[in-house]
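K.L.:
protein_19.pdb is the file, holding PDB, C-alpha atoms, pLDDT in the B column:
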ATOM      1  CA  MET E  17       3.483   7.009 -16.002  1.00 68.00           C
ATOM      2  CA  ASP E  18       6.316   5.275 -14.209  1.00 88.00           C
ATOM      3  CA  CYS E  19       4.367   3.636 -11.373  1.00 95.00           C
ATOM      4  CA  ILE E  20       5.719   0.316 -10.144  1.00 96.00           C
ATOM      5  CA  PHE E  21       2.277  -0.785  -8.923  1.00 97.00           C
ATOM      6  CA  CYS E  22       0.700  -0.021 -12.322  1.00 97.00           C
ATOM      7  CA  LYS E  23       3.440  -2.151 -13.914  1.00 97.00           C
ATOM      8  CA  ILE E  24       2.660  -5.006 -11.516  1.00 98.00           C
ATOM      9  CA  ILE E  25      -1.070  -4.772 -12.293  1.00 97.00           C
ATOM     10  CA  GLU E  26      -0.303  -4.773 -16.041  1.00 97.00           C
ATOM     11  CA  GLY E  27       1.861  -7.901 -15.636  1.00 97.00           C
ATOM     12  CA  LYS E  28       5.064  -6.103 -16.640  1.00 97.00           C
ATOM     13  CA  ILE E  29       6.609  -6.923 -13.255  1.00 97.00           C
ATOM     14  CA  PRO E  30       5.974 -10.358 -11.686  1.00 98.00           C
ATOM     15  CA  CYS E  31       4.241 -10.714  -8.339  1.00 98.00           C
ATOM     16  CA  TYR E  32       2.660 -13.271  -6.060  1.00 98.00           C
ATOM     17  CA  LYS E  33      -0.974 -12.471  -6.838  1.00 98.00           C
ATOM     18  CA  VAL E  34      -3.572 -13.082  -4.165  1.00 98.00           C
ATOM     19  CA  TYR E  35      -6.684 -11.495  -5.712  1.00 98.00           C
ATOM     20  CA  GLU E  36      -7.883  -9.757  -8.858  1.00 98.00           C
ATOM     21  CA  ASP E  37     -11.176  -8.468 -10.179  1.00 98.00           C
ATOM     22  CA  LYS E  38     -12.002  -5.743 -12.709  1.00 97.00           C
ATOM     23  CA  ASN E  39     -11.298  -2.924 -10.206  1.00 97.00           C
ATOM     24  CA  PHE E  40      -8.858  -4.232  -7.598  1.00 98.00           C
ATOM     25  CA  PHE E  41      -5.624  -6.195  -7.361  1.00 98.00           C
ATOM     26  CA  ALA E  42      -3.830  -7.751  -4.378  1.00 98.00           C
ATOM     27  CA  PHE E  43      -0.408  -9.343  -4.083  1.00 98.00           C
ATOM     28  CA  LEU E  44       2.148 -10.339  -1.470  1.00 98.00           C
ATOM     29  CA  ASP E  45       4.649  -7.701  -0.433  1.00 97.00           C
ATOM     30  CA  ILE E  46       8.159  -8.650  -1.596  1.00 96.00           C
ATOM     31  CA  ARG E  47       9.528  -7.223   1.667  1.00 96.00           C
ATOM     32  CA  PRO E  48       7.064  -8.907   4.025  1.00 98.00           C
ATOM     33  CA  LEU E  49       6.865  -8.010   7.681  1.00 97.00           C
ATOM     34  CA  ASN E  50       5.228 -11.399   8.262  1.00 97.00           C
ATOM     35  CA  PRO E  51       4.067 -14.294   6.063  1.00 98.00           C
ATOM     36  CA  GLY E  52       0.898 -13.221   4.264  1.00 98.00           C
ATOM     37  CA  HIS E  53       1.724  -9.476   4.207  1.00 98.00           C
ATOM     38  CA  THR E  54      -0.511  -8.328   1.343  1.00 98.00           C
ATOM     39  CA  LEU E  55      -1.036  -5.086  -0.574  1.00 98.00           C
ATOM     40  CA  ILE E  56      -4.478  -4.230  -1.982  1.00 98.00           C
ATOM     41  CA  LEU E  57      -4.688  -1.603  -4.735  1.00 97.00           C
ATOM     42  CA  PRO E  58      -7.207  -0.133  -7.109  1.00 97.00           C
ATOM     43  CA  LYS E  59      -6.358  -1.027 -10.708  1.00 97.00           C
ATOM     44  CA  LYS E  60      -7.057   2.520 -11.798  1.00 96.00           C
ATOM     45  CA  HIS E  61      -4.110   4.642 -10.752  1.00 95.00           C
ATOM     46  CA  CYS E  62      -4.880   7.186  -8.066  1.00 94.00           C
ATOM     47  CA  ARG E  63      -2.493   8.746  -5.620  1.00 94.00           C
ATOM     48  CA  TRP E  64      -4.351   8.299  -2.330  1.00 94.00           C
ATOM     49  CA  VAL E  65      -6.776   5.730  -0.948  1.00 95.00           C
ATOM     50  CA  TRP E  66      -9.206   8.593  -0.318  1.00 94.00           C
ATOM     51  CA  ASP E  67      -9.278   9.290  -4.073  1.00 94.00           C
ATOM     52  CA  VAL E  68     -10.665   5.823  -4.889  1.00 96.00           C
ATOM     53  CA  LYS E  69     -14.138   6.437  -6.354  1.00 94.00           C
ATOM     54  CA  ASN E  70     -15.676   3.164  -5.155  1.00 94.00           C
ATOM     55  CA  ILE E  71     -14.007   3.235  -1.746  1.00 96.00           C
ATOM     56  CA  GLY E  72     -16.787   1.200  -0.118  1.00 97.00           C
ATOM     57  CA  LYS E  73     -16.133  -1.700  -2.490  1.00 98.00           C
ATOM     58  CA  TYR E  74     -12.381  -1.233  -1.914  1.00 97.00           C
ATOM     59  CA  PHE E  75     -12.854  -1.781   1.815  1.00 98.00           C
ATOM     60  CA  GLU E  76     -15.218  -4.717   1.229  1.00 98.00           C
ATOM     61  CA  ILE E  77     -12.521  -6.424  -0.858  1.00 98.00           C
ATOM     62  CA  THR E  78      -9.883  -5.529   1.743  1.00 98.00           C
ATOM     63  CA  ARG E  79     -12.045  -7.099   4.478  1.00 98.00           C
ATOM     64  CA  LYS E  80     -12.563 -10.242   2.387  1.00 98.00           C
ATOM     65  CA  ILE E  81      -8.812 -10.583   1.860  1.00 98.00           C
ATOM     66  CA  ALA E  82      -8.053  -9.850   5.538  1.00 98.00           C
ATOM     67  CA  LEU E  83     -10.395 -12.644   6.617  1.00 98.00           C
ATOM     68  CA  ALA E  84      -8.791 -15.023   4.107  1.00 98.00           C
ATOM     69  CA  ILE E  85      -5.323 -14.107   5.393  1.00 98.00           C
ATOM     70  CA  GLY E  86      -6.449 -14.743   8.971  1.00 98.00           C
ATOM     71  CA  LYS E  87      -7.926 -18.116   8.074  1.00 98.00           C
ATOM     72  CA  SER E  88      -5.017 -19.280   5.926  1.00 98.00           C
ATOM     73  CA  MET E  89      -2.262 -17.975   8.231  1.00 97.00           C
ATOM     74  CA  LYS E  90      -4.127 -19.165  11.347  1.00 97.00           C
ATOM     75  CA  THR E  91      -4.268 -15.835  13.178  1.00 95.00           C
ATOM     76  CA  ASP E  92      -7.056 -13.598  14.426  1.00 88.00           C
ATOM     77  CA  CYS E  93      -4.936 -10.459  14.289  1.00 94.00           C
ATOM     78  CA  ILE E  94      -4.501  -8.691  10.965  1.00 96.00           C
ATOM     79  CA  MET E  95      -3.074  -5.182  11.150  1.00 95.00           C
ATOM     80  CA  SER E  96      -3.903  -2.729   8.400  1.00 95.00           C
ATOM     81  CA  LEU E  97      -1.990   0.332   7.338  1.00 93.00           C
ATOM     82  CA  ILE E  98      -2.884   3.124   4.955  1.00 93.00           C
ATOM     83  CA  ALA E  99       0.020   5.493   4.423  1.00 79.00           C
ATOM     84  CA  GLY E 100       0.766   5.705   0.716  1.00 74.00           C
ATOM     85  CA  GLU E 101       4.061   7.516   0.997  1.00 79.00           C
ATOM     86  CA  ALA E 102       6.523   4.900  -0.316  1.00 82.00           C
ATOM     87  CA  VAL E 103       4.765   4.307  -3.657  1.00 90.00           C
ATOM     88  CA  PRO E 104       2.504   7.012  -5.145  1.00 92.00           C
ATOM     89  CA  HIS E 105      -0.388   4.622  -5.911  1.00 95.00           C
ATOM     90  CA  ALA E 106      -3.222   4.083  -3.438  1.00 96.00           C
ATOM     91  CA  HIS E 107      -2.673   0.900  -1.431  1.00 96.00           C
ATOM     92  CA  ILE E 108      -3.611  -0.771   1.828  1.00 97.00           C
ATOM     93  CA  TRP E 109      -1.278  -3.069   3.744  1.00 96.00           C
ATOM     94  CA  LEU E 110      -2.639  -6.120   5.542  1.00 97.00           C
ATOM     95  CA  VAL E 111      -0.112  -7.721   7.885  1.00 97.00           C
ATOM     96  CA  PRO E 112      -0.968 -10.821   9.912  1.00 97.00           C
ATOM     97  CA  ARG E 113       0.421 -10.839  13.432  1.00 95.00           C
ATOM     98  CA  PHE E 114       1.767 -13.807  15.348  1.00 94.00           C
ATOM     99  CA  GLU E 115       3.049 -14.372  18.854  1.00 90.00           C
ATOM    100  CA  ASN E 116       6.757 -13.452  19.060  1.00 89.00           C
ATOM    101  CA  ASP E 117       6.834 -12.174  15.461  1.00 90.00           C
ATOM    102  CA  GLY E 118       9.438  -9.516  16.230  1.00 88.00           C
ATOM    103  CA  HIS E 119       7.012  -6.599  16.173  1.00 89.00           C
ATOM    104  CA  PRO E 120       6.072  -4.745  19.388  1.00 83.00           C
ATOM    105  CA  LEU E 121       2.497  -5.092  20.608  1.00 79.00           C
ATOM    106  CA  GLY E 122       0.228  -2.883  18.501  1.00 79.00           C
ATOM    107  CA  TRP E 123       3.017  -1.772  16.149  1.00 86.00           C
ATOM    108  CA  LEU E 124       4.880  -2.952  13.104  1.00 88.00           C
ATOM    109  CA  ASN E 125       8.648  -2.650  12.957  1.00 88.00           C
ATOM    110  CA  SER E 126       9.291  -1.770   9.300  1.00 88.00           C
ATOM    111  CA  LYS E 127      12.891  -2.951   9.644  1.00 89.00           C
ATOM    112  CA  ASN E 128      11.835  -6.468  10.686  1.00 93.00           C
ATOM    113  CA  ILE E 129      11.507  -7.809   7.143  1.00 95.00           C
ATOM    114  CA  LYS E 130      11.163 -11.565   6.795  1.00 96.00           C
ATOM    115  CA  LYS E 131      12.876 -13.595   4.052  1.00 96.00           C
ATOM    116  CA  PHE E 132      10.950 -16.273   2.168  1.00 97.00           C
ATOM    117  CA  SER E 133      11.975 -18.266  -0.878  1.00 98.00           C
ATOM    118  CA  ALA E 134      10.024 -17.909  -4.129  1.00 98.00           C
ATOM    119  CA  GLU E 135       8.504 -21.321  -3.456  1.00 98.00           C
ATOM    120  CA  GLU E 136       7.375 -20.270   0.040  1.00 98.00           C
ATOM    121  CA  MET E 137       5.852 -17.059  -1.364  1.00 98.00           C
ATOM    122  CA  LYS E 138       3.940 -19.086  -3.985  1.00 98.00           C
ATOM    123  CA  LYS E 139       2.614 -21.403  -1.261  1.00 98.00           C
ATOM    124  CA  ILE E 140       1.524 -18.471   0.927  1.00 98.00           C
ATOM    125  CA  ALA E 141      -0.268 -16.727  -1.978  1.00 98.00           C
ATOM    126  CA  ASN E 142      -1.967 -20.004  -2.913  1.00 98.00           C
ATOM    127  CA  LYS E 143      -3.139 -20.593   0.682  1.00 98.00           C
ATOM    128  CA  ILE E 144      -4.697 -17.120   0.802  1.00 98.00           C
ATOM    129  CA  ARG E 145      -6.361 -17.551  -2.623  1.00 98.00           C
ATOM    130  CA  LYS E 146      -7.851 -20.874  -1.506  1.00 98.00           C
ATOM    131  CA  ALA E 147      -9.272 -19.223   1.617  1.00 98.00           C
ATOM    132  CA  LEU E 148     -11.064 -16.493  -0.388  1.00 97.00           C
TER     133      LEU E 148
END
Take the structure from the file and write it as structure tokens.
P.N.:
Amino acid sequence: MDCIFCKIIEGKIPCYKVYEDKNFFAFLDIRPLNPGHTLILPKKHCRWVWDVKNIGKYFEITRKIALAIGKSMKTDCIMSLIAGEAVPHAHIWLVPRFENDGHPLGWLNSKNIKKFSAEEMKKIANKIRKAL
């Protein structure tokens, strides 16, 4: 299978890991819409979020990570998105929102990608991990 997310989970492609357990994996998006933009995936490849067998646990982990992002990024607003069209591996986006972040109220502008250095990305991932 030629799935980029499976390769990330297997360690074949580097990432800024935020969370990992035996069933789930989370890392920072390399094209973040805001600092702390995180993807949460099941380790077992499945096409859609709705195909995840232990979906309740998936959402519990997603909630835990969302709260850690909010705490570490100092925001109460974390938007979530489940689309699954760009990469054919189930995933949930968590995007923290900030005042004047370049996204319209209630929406995310997918063209408003932020640029962070590798060092900044490491610091953001570490802050989220510490808040878990």
K.L.:
Please evaluate the PyMOL selection byres ((chain E and resi 95-110) around 9) against the displayed coordinates and give the resulting residues as JSON, numbers by chain.
P.N.:
{"E": [19, 20, 21, 22, 45, 52, 53, 54, 55, 56, 57, 58, 61, 62, 63, 64, 65, 66, 67, 68, 78, 81, 82, 85, 93, 94, 111, 112, 113, 122, 123, 124]}
K.L.:
I need the residue nearest Asp92 (chain E) from this list: E:Ile71, E:Ala134, E:Lys38, E:Glu115. Use only C-alpha atoms for the distance.
P.N.:
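Distance minimum relative to Asp92 (chain E) lands on E:Glu115.
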K.L.:
Please measure the separation of CA of Arg47 (chain E) and CA of Pro30 (chain E), giving the value in Å to one decimal.
P.N.:
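We find that CA of Arg47 (chain E) and CA of Pro30 (chain E) lie 14.2 Å from each other.
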K.L.:
Any idea what the distance is between CA of Asn128 (chain E) and CA of Asn50 (chain E)?
P.N.:
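Interatomic distance, CA of Asn128 (chain E) to CA of Asn50 (chain E): 8.6 Å.
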K.L.:
How many Å lie between CA of Gly27 (chain E) and CA of Phe132 (chain E), rounded to one decimal?
P.N.:
21.7 Å
K.L.:
Given the choices E:Asn142, E:Asn116, E:Asn39, E:Asn125, which gets closest to Ile77 (chain E) if the distance is worked out from all atoms listed in the file?
P.N.:
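Among E:Asn142, E:Asn116, E:Asn39, E:Asn125, it is E:Asn39 that comes nearest to Ile77 (chain E).
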K.L.:
Nearest residue to Ile144 (chain E) out of E:Leu121, E:Ile24, E:Ala84, E:Ile129, using all atoms listed in the file?
P.N.:
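Counting all atoms listed in the file, the residue closest to Ile144 (chain E) is E:Ala84.
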K.L.:
From the options E:His119, E:Asp18, E:Glu76, E:Tyr32, which residue's atoms come nearest to Glu135 (chain E), counting only C-alpha atoms?
P.N.:
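Using only C-alpha atoms, Glu135 (chain E) sits closest to E:Tyr32.
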K.L.:
Looking at E:Ala42, E:Cys31, E:Met137, E:Ala147, which one is nearest to Tyr74 (chain E), with distances taken over all atoms listed in the file?
P.N.:
E:Ala42
